[in-house]
Amino acid sequence: MTASMRPLLSVISALSVVLTPIVLAQAPRTTRVLIAVPDRTQAPAAFILDPQLSELLRGFGFKLDDRPAFRTCDAKPRFVIAGTIPTASMAALHSLLTARESPSFQLYDNPIVSSQYSNTCPRQADLGERHARSAAGLDINGLANGRGVVLAIVDGGIDMSPIVKRFPAVKANQIFSWPATPSPIYGSHGTLCAYVAALAAPAVEIADVRVFGDAFSFMHAYDYLRTTWNANRGKWKALVVSTSWEFPAPEPDFASKETLALGTTHPLLPTLRCLAGAGVDVVFAAGNSGTCGPSSNTARGSITPPNDMPEAITVAAVDGAKVRLGDSGQGGKSAPTKPDISAFGSLILQDGTYARHTSVATAFAAGINASLRSLDGWSAADRSATLVRKCFTEHADKQVKVVSSSGTLSSSQLTSHSADFGYGVMRLDSNVFSWKDTCGK
């Protein structure tokens with residue numbers, strides 16, 4: 001070491017003593033929150049947070065994020081804003097809300113979704129693309145192809161290039177895609193879901209609806225789809241919305257009634273009810289919170305809101321042998337007769353990729369739904385979403401297979417709802433053209 005280096009090393013040593021505590025110090029933990037206030041203005045574009053409430057929330061350390069306020073569509077609209085609060089302040093905030101007879105705002109969690117990738121249980125068989133289409137009755141005459149229908153994939157982004165290469169009649173629909181100018185970055189999960197949906201509906205129009213992980217983002221996305229559909233419903237036969245995500249557990253630091261998973265007034269719920277009420281087919285995954293074995297208690301319900309909402313088609317997964325794909329959700333927390341139906345969720349794609357998730361089943365089911373909607377007499381103007389769901393459950397393949405605890409495989413004929421399979425495996429049978437007469441109107 002030279003003499004000229006010693007002063008420099010002394011400075012570095014002194015700085016390390018000063019900086020070390022700063023590097024090691026951890027930022028206070030924060031909690032994502034939604035704040036809902038009654039809409040008394042009836043002017044959605046003019047929302048301004050009440051100064052007194054703003055000052056009160058700042059006193060608890062509330063930091064507003066930069067996304068615009070959201071106005072719910074239910075009978076008593078509310079404005080909702082998103083932000084964070086130091087976790088250490090949550091107890092005091094709850095005390096304030098409890099002490100007030102008529103609080104000026106409501107507090108909710110803003111959970112982050114998890115995708116439907118995890119599937120660690122054994123399976124019996126995978127299906128190739130051609131066999132999956134044949135087993136689902138999609139080769140009846142070539143007319144059930146999704147033409148004239150928009151299928152929105154609510155996910156992290158889609159790379160359309162491998163999809164249009166494989167399915168040349170598929171188009172990207174920009175009208176229903178959100179945001180209007182998406183990032184060039186996309187997710188493999190969303191691309192996979194769009195590909196599988198196109199496998200079942202090879203002439204459908206796919207909308208890339210990009211969400212950013214939390215419930216607040218989903219609220220904005222679903223409301224955009226609703227308002228866009230209402231403004232354009234005469235231009236397409238139907239809108240099918242597919243979501244292969246779940247909110248599996250309540251967020252900590254909240255009362256049960258403030259959570260999406262356990263409460264009944266979370267603002268995401270009316271957003272989806274309004275979407276379904278507009279005549280949109282809403283398709284949700286059953287989630288991955290089931291058990292590897294058959295369900296013995298349908299009342300326990302592993303499928304959480306909003307995936308188990310009565311207005312949605314909730315989809316479980318089966319493999320190529322029609323054995324329930326392990327981990328697929330069993331029974332709904334708010335609607336016991338969930339899932340509604342099963343779909344193939346264990347595929348081998350043309351390029352050799354294995355696609356084996358509840359996400360796959362949901363996307364495939366959404367594609368089947370779009371294919372039915374493309375047939376004459378099955379547009380949203382002709383048949384309601386409720387009727388479509390009824391037809392799918394009535395005409396599902398009731399012959400499934402179950403695996404015993406010893407590993408023995410046996411056939412089972414469903415005669416009623418099953419927490420494992422719903423009402424059977426989704427398909428378009430050869431009598432699909434008479435469904436509209438047998439399912440009612």
# chains A, B, ... in the order shown; residues from 1 in each chain; ligands from 1
>>> residues_around(residues="Lys333 of chain A", least_positions_apart="2", cutoff="9 Å", atoms="only C-alpha atoms", output="PyMOL selection string")
chain A and resi 261-262+299-305+308+331+335-336+338
>>> residues_around(residues="Asp420 of chain A", least_positions_apart="4", cutoff="10 Å", atoms="only C-alpha atoms", output="list in words")
Ala286, Gly290, Thr291, Gly293, Pro294, Ser295, Ser296, Thr298, Ala316, Ala317, Val318, Val323, Arg324, Leu325, Gly326, Asp327, Ser328, Gly329, Gln330, Gly331, Lys338, Pro339, Asp340, Ile341, Ser342, Val402 and Gly424 of chain A
>>> atom_distance(atom1="atom CA of Asn232 of chain A", atom2="atom CA of Val196 of chain A")
25.8 Å
>>> residues_around(residues="Ala285 of chain A", least_positions_apart="3", cutoff="6 Å", atoms="only C-alpha atoms", output="ChimeraX atom specification")
/A:244,314-315,362
>>> write_last_selection(atoms="C-alpha atoms", output="PDB file, in the first residue's frame")
ATOM      1  CA  SER A 244     -57.249 -17.454 -15.216  1.00  0.00           C
ATOM      2  CA  THR A 314     -66.418 -21.291 -12.970  1.00  0.00           C
ATOM      3  CA  VAL A 315     -64.152 -23.870 -14.591  1.00  0.00           C
ATOM      4  CA  THR A 362     -60.317 -21.904 -18.259  1.00  0.00           C
TER       5      THR A 362
END
>>> residues_around(residues="segment 347-351 of chain A", least_positions_apart="5", cutoff="8 Å", atoms="only C-alpha atoms", output="number ranges by chain")
A: 126-129, 132, 319-320, 356
>>> write_last_selection(atoms="C-alpha atoms", output="short mmCIF file (atom, residue, chain, number, x, y, z; two decimals), in the first residue's frame")
data_model
loop_
_atom_site.label_atom_id
_atom_site.label_comp_id
_atom_site.auth_asym_id
_atom_site.auth_seq_id
_atom_site.Cartn_x
_atom_site.Cartn_y
_atom_site.Cartn_z
CA ASP A 126 -52.34 -35.34 -21.77
CA LEU A 127 -54.20 -34.50 -24.98
CA GLY A 128 -52.75 -33.22 -28.21
CA GLU A 129 -54.39 -30.24 -29.89
CA ALA A 132 -58.59 -31.98 -27.45
CA ASP A 319 -56.84 -34.30 -17.92
CA GLY A 320 -57.21 -36.30 -21.13
CA ARG A 356 -51.13 -28.41 -17.71
#
>>> residues_around(residues="Tyr222 of chain A", least_positions_apart="4", cutoff="7 Å", atoms="only C-alpha atoms", output="ChimeraX atom specification")
/A:218,226,271-272,275
>>> residues_around(residues="His220 of chain A", least_positions_apart="6", cutoff="12 Å", atoms="only C-alpha atoms", output="VMD selection string")
chain A and resid 67 to 73 80 to 82 154 178 to 179 209 to 214 226 to 227 267 to 268 271 to 272 275
>>> closest_atom_pairs(of="segment 98-173 of chain A", to="segment 87-94 of chain A", cutoff="9 Å", atoms="only C-alpha atoms", output="JSON lines")
{"residue": "A:Thr98", "atom": "CA", "partner": "A:His94", "partner_atom": "CA", "distance": 6.1}
{"residue": "A:Ala99", "atom": "CA", "partner": "A:His94", "partner_atom": "CA", "distance": 8.5}
{"residue": "A:Leu107", "atom": "CA", "partner": "A:His94", "partner_atom": "CA", "distance": 8.6}
>>> residues_around(residues="Phe79 of chain A", least_positions_apart="2", cutoff="12 Å", atoms="only C-alpha atoms", output="PyMOL selection string")
chain A and resi 34-50+68-74+76-77+81-82+104-107+216+219+267
>>> write_last_selection(atoms="N, CA and C atoms", output="short mmCIF file (atom, residue, chain, number, x, y, z; two decimals), in the first residue's frame")
data_model
loop_
_atom_site.label_atom_id
_atom_site.label_comp_id
_atom_site.auth_asym_id
_atom_site.auth_seq_id
_atom_site.Cartn_x
_atom_site.Cartn_y
_atom_site.Cartn_z
N LEU A 34 -57.85 -0.01 -0.25
CA LEU A 34 -58.82 0.71 -1.07
C LEU A 34 -59.70 1.52 -0.13
N ILE A 35 -59.93 2.77 -0.49
CA ILE A 35 -60.81 3.66 0.27
C ILE A 35 -62.03 3.94 -0.60
N ALA A 36 -63.22 3.63 -0.08
CA ALA A 36 -64.46 3.85 -0.82
C ALA A 36 -65.29 4.91 -0.12
N VAL A 37 -65.76 5.88 -0.90
CA VAL A 37 -66.61 6.95 -0.34
C VAL A 37 -67.88 7.03 -1.18
N PRO A 38 -69.02 7.37 -0.58
CA PRO A 38 -70.27 7.47 -1.35
C PRO A 38 -70.16 8.53 -2.45
N ASP A 39 -70.78 8.24 -3.58
CA ASP A 39 -70.83 9.21 -4.68
C ASP A 39 -72.04 10.12 -4.45
N ARG A 40 -71.77 11.32 -4.02
CA ARG A 40 -72.84 12.28 -3.81
C ARG A 40 -72.88 13.35 -4.91
N THR A 41 -71.96 13.25 -5.86
CA THR A 41 -71.86 14.28 -6.90
C THR A 41 -72.61 13.91 -8.16
N GLN A 42 -72.75 12.57 -8.42
CA GLN A 42 -73.32 12.08 -9.68
C GLN A 42 -72.56 12.63 -10.87
N ALA A 43 -71.29 12.92 -10.68
CA ALA A 43 -70.44 13.45 -11.76
C ALA A 43 -69.12 12.71 -11.73
N PRO A 44 -69.05 11.52 -12.36
CA PRO A 44 -67.87 10.66 -12.24
C PRO A 44 -66.56 11.34 -12.59
N ALA A 45 -66.57 12.25 -13.54
CA ALA A 45 -65.30 12.85 -13.98
C ALA A 45 -64.82 13.94 -13.04
N ALA A 46 -65.67 14.32 -12.08
CA ALA A 46 -65.33 15.47 -11.25
C ALA A 46 -64.99 15.06 -9.81
N PHE A 47 -64.55 13.81 -9.61
CA PHE A 47 -64.31 13.36 -8.24
C PHE A 47 -63.11 14.08 -7.64
N ILE A 48 -63.33 14.64 -6.46
CA ILE A 48 -62.27 15.25 -5.66
C ILE A 48 -62.45 14.76 -4.24
N LEU A 49 -61.42 14.19 -3.67
CA LEU A 49 -61.51 13.68 -2.31
C LEU A 49 -61.78 14.82 -1.34
N ASP A 50 -62.78 14.62 -0.48
CA ASP A 50 -63.14 15.64 0.50
C ASP A 50 -61.91 16.09 1.28
N PRO A 68 -56.35 6.78 -11.55
CA PRO A 68 -57.57 7.57 -11.32
C PRO A 68 -58.56 6.86 -10.41
N ALA A 69 -59.42 7.66 -9.77
CA ALA A 69 -60.46 7.09 -8.93
C ALA A 69 -61.40 6.24 -9.79
N PHE A 70 -62.00 5.25 -9.13
CA PHE A 70 -62.91 4.33 -9.82
C PHE A 70 -64.31 4.51 -9.26
N ARG A 71 -65.31 4.59 -10.14
CA ARG A 71 -66.70 4.73 -9.71
C ARG A 71 -67.42 3.41 -9.93
N THR A 72 -67.98 2.84 -8.86
CA THR A 72 -68.68 1.57 -8.98
C THR A 72 -69.99 1.76 -9.74
N CYS A 73 -70.54 0.65 -10.25
CA CYS A 73 -71.71 0.72 -11.12
C CYS A 73 -72.98 0.22 -10.43
N ASP A 74 -72.93 -0.02 -9.12
CA ASP A 74 -74.08 -0.58 -8.43
C ASP A 74 -75.12 0.49 -8.11
N LYS A 76 -75.99 2.04 -5.44
CA LYS A 76 -75.49 3.17 -4.66
C LYS A 76 -74.01 3.33 -4.97
N PRO A 77 -73.69 4.06 -6.03
CA PRO A 77 -72.29 4.14 -6.48
C PRO A 77 -71.36 4.69 -5.42
N ILE A 81 -60.56 4.78 -4.30
CA ILE A 81 -59.18 5.16 -4.59
C ILE A 81 -58.26 4.12 -3.96
N ALA A 82 -57.08 4.00 -4.52
CA ALA A 82 -56.11 3.01 -4.03
C ALA A 82 -54.88 3.71 -3.50
N SER A 104 -67.42 8.07 7.23
CA SER A 104 -67.49 8.78 5.95
C SER A 104 -66.82 8.00 4.83
N PHE A 105 -66.20 6.88 5.14
CA PHE A 105 -65.56 6.07 4.11
C PHE A 105 -65.54 4.61 4.56
N GLN A 106 -65.24 3.72 3.60
CA GLN A 106 -65.09 2.29 3.88
C GLN A 106 -63.68 1.86 3.49
N LEU A 107 -63.18 0.91 4.22
CA LEU A 107 -61.82 0.40 4.01
C LEU A 107 -61.89 -1.03 3.47
N PHE A 216 -57.65 -3.49 -7.70
CA PHE A 216 -58.01 -2.18 -8.25
C PHE A 216 -57.82 -2.16 -9.76
N MET A 219 -60.65 -4.02 -11.41
CA MET A 219 -61.88 -3.22 -11.43
C MET A 219 -61.91 -2.30 -12.65
N PRO A 267 -65.67 -3.63 -3.57
CA PRO A 267 -66.08 -2.98 -4.83
C PRO A 267 -65.77 -3.77 -6.09
#
>>> closest_residue(among="A:Ala238, A:Ala194, A:Leu138, A:Leu225", to="Arg373 of chain A", atoms="only C-alpha atoms")
A:Ala238
>>> select_by_dssp(residues="segment 326-385 of chain A", states="helix (DSSP H, G or I)", output="list in words")
Thr358, Ser359, Val360, Ala361, Thr362, Ala363, Phe364, Ala365, Ala366, Gly367, Ile368, Asn369, Ala370, Ser371, Leu372, Arg373 and Ala385 of chain A
>>> closest_residue(among="A:Arg78, A:His417, A:His357, A:Arg147", to="Gly287 of chain A", atoms="only C-alpha atoms")
A:His357
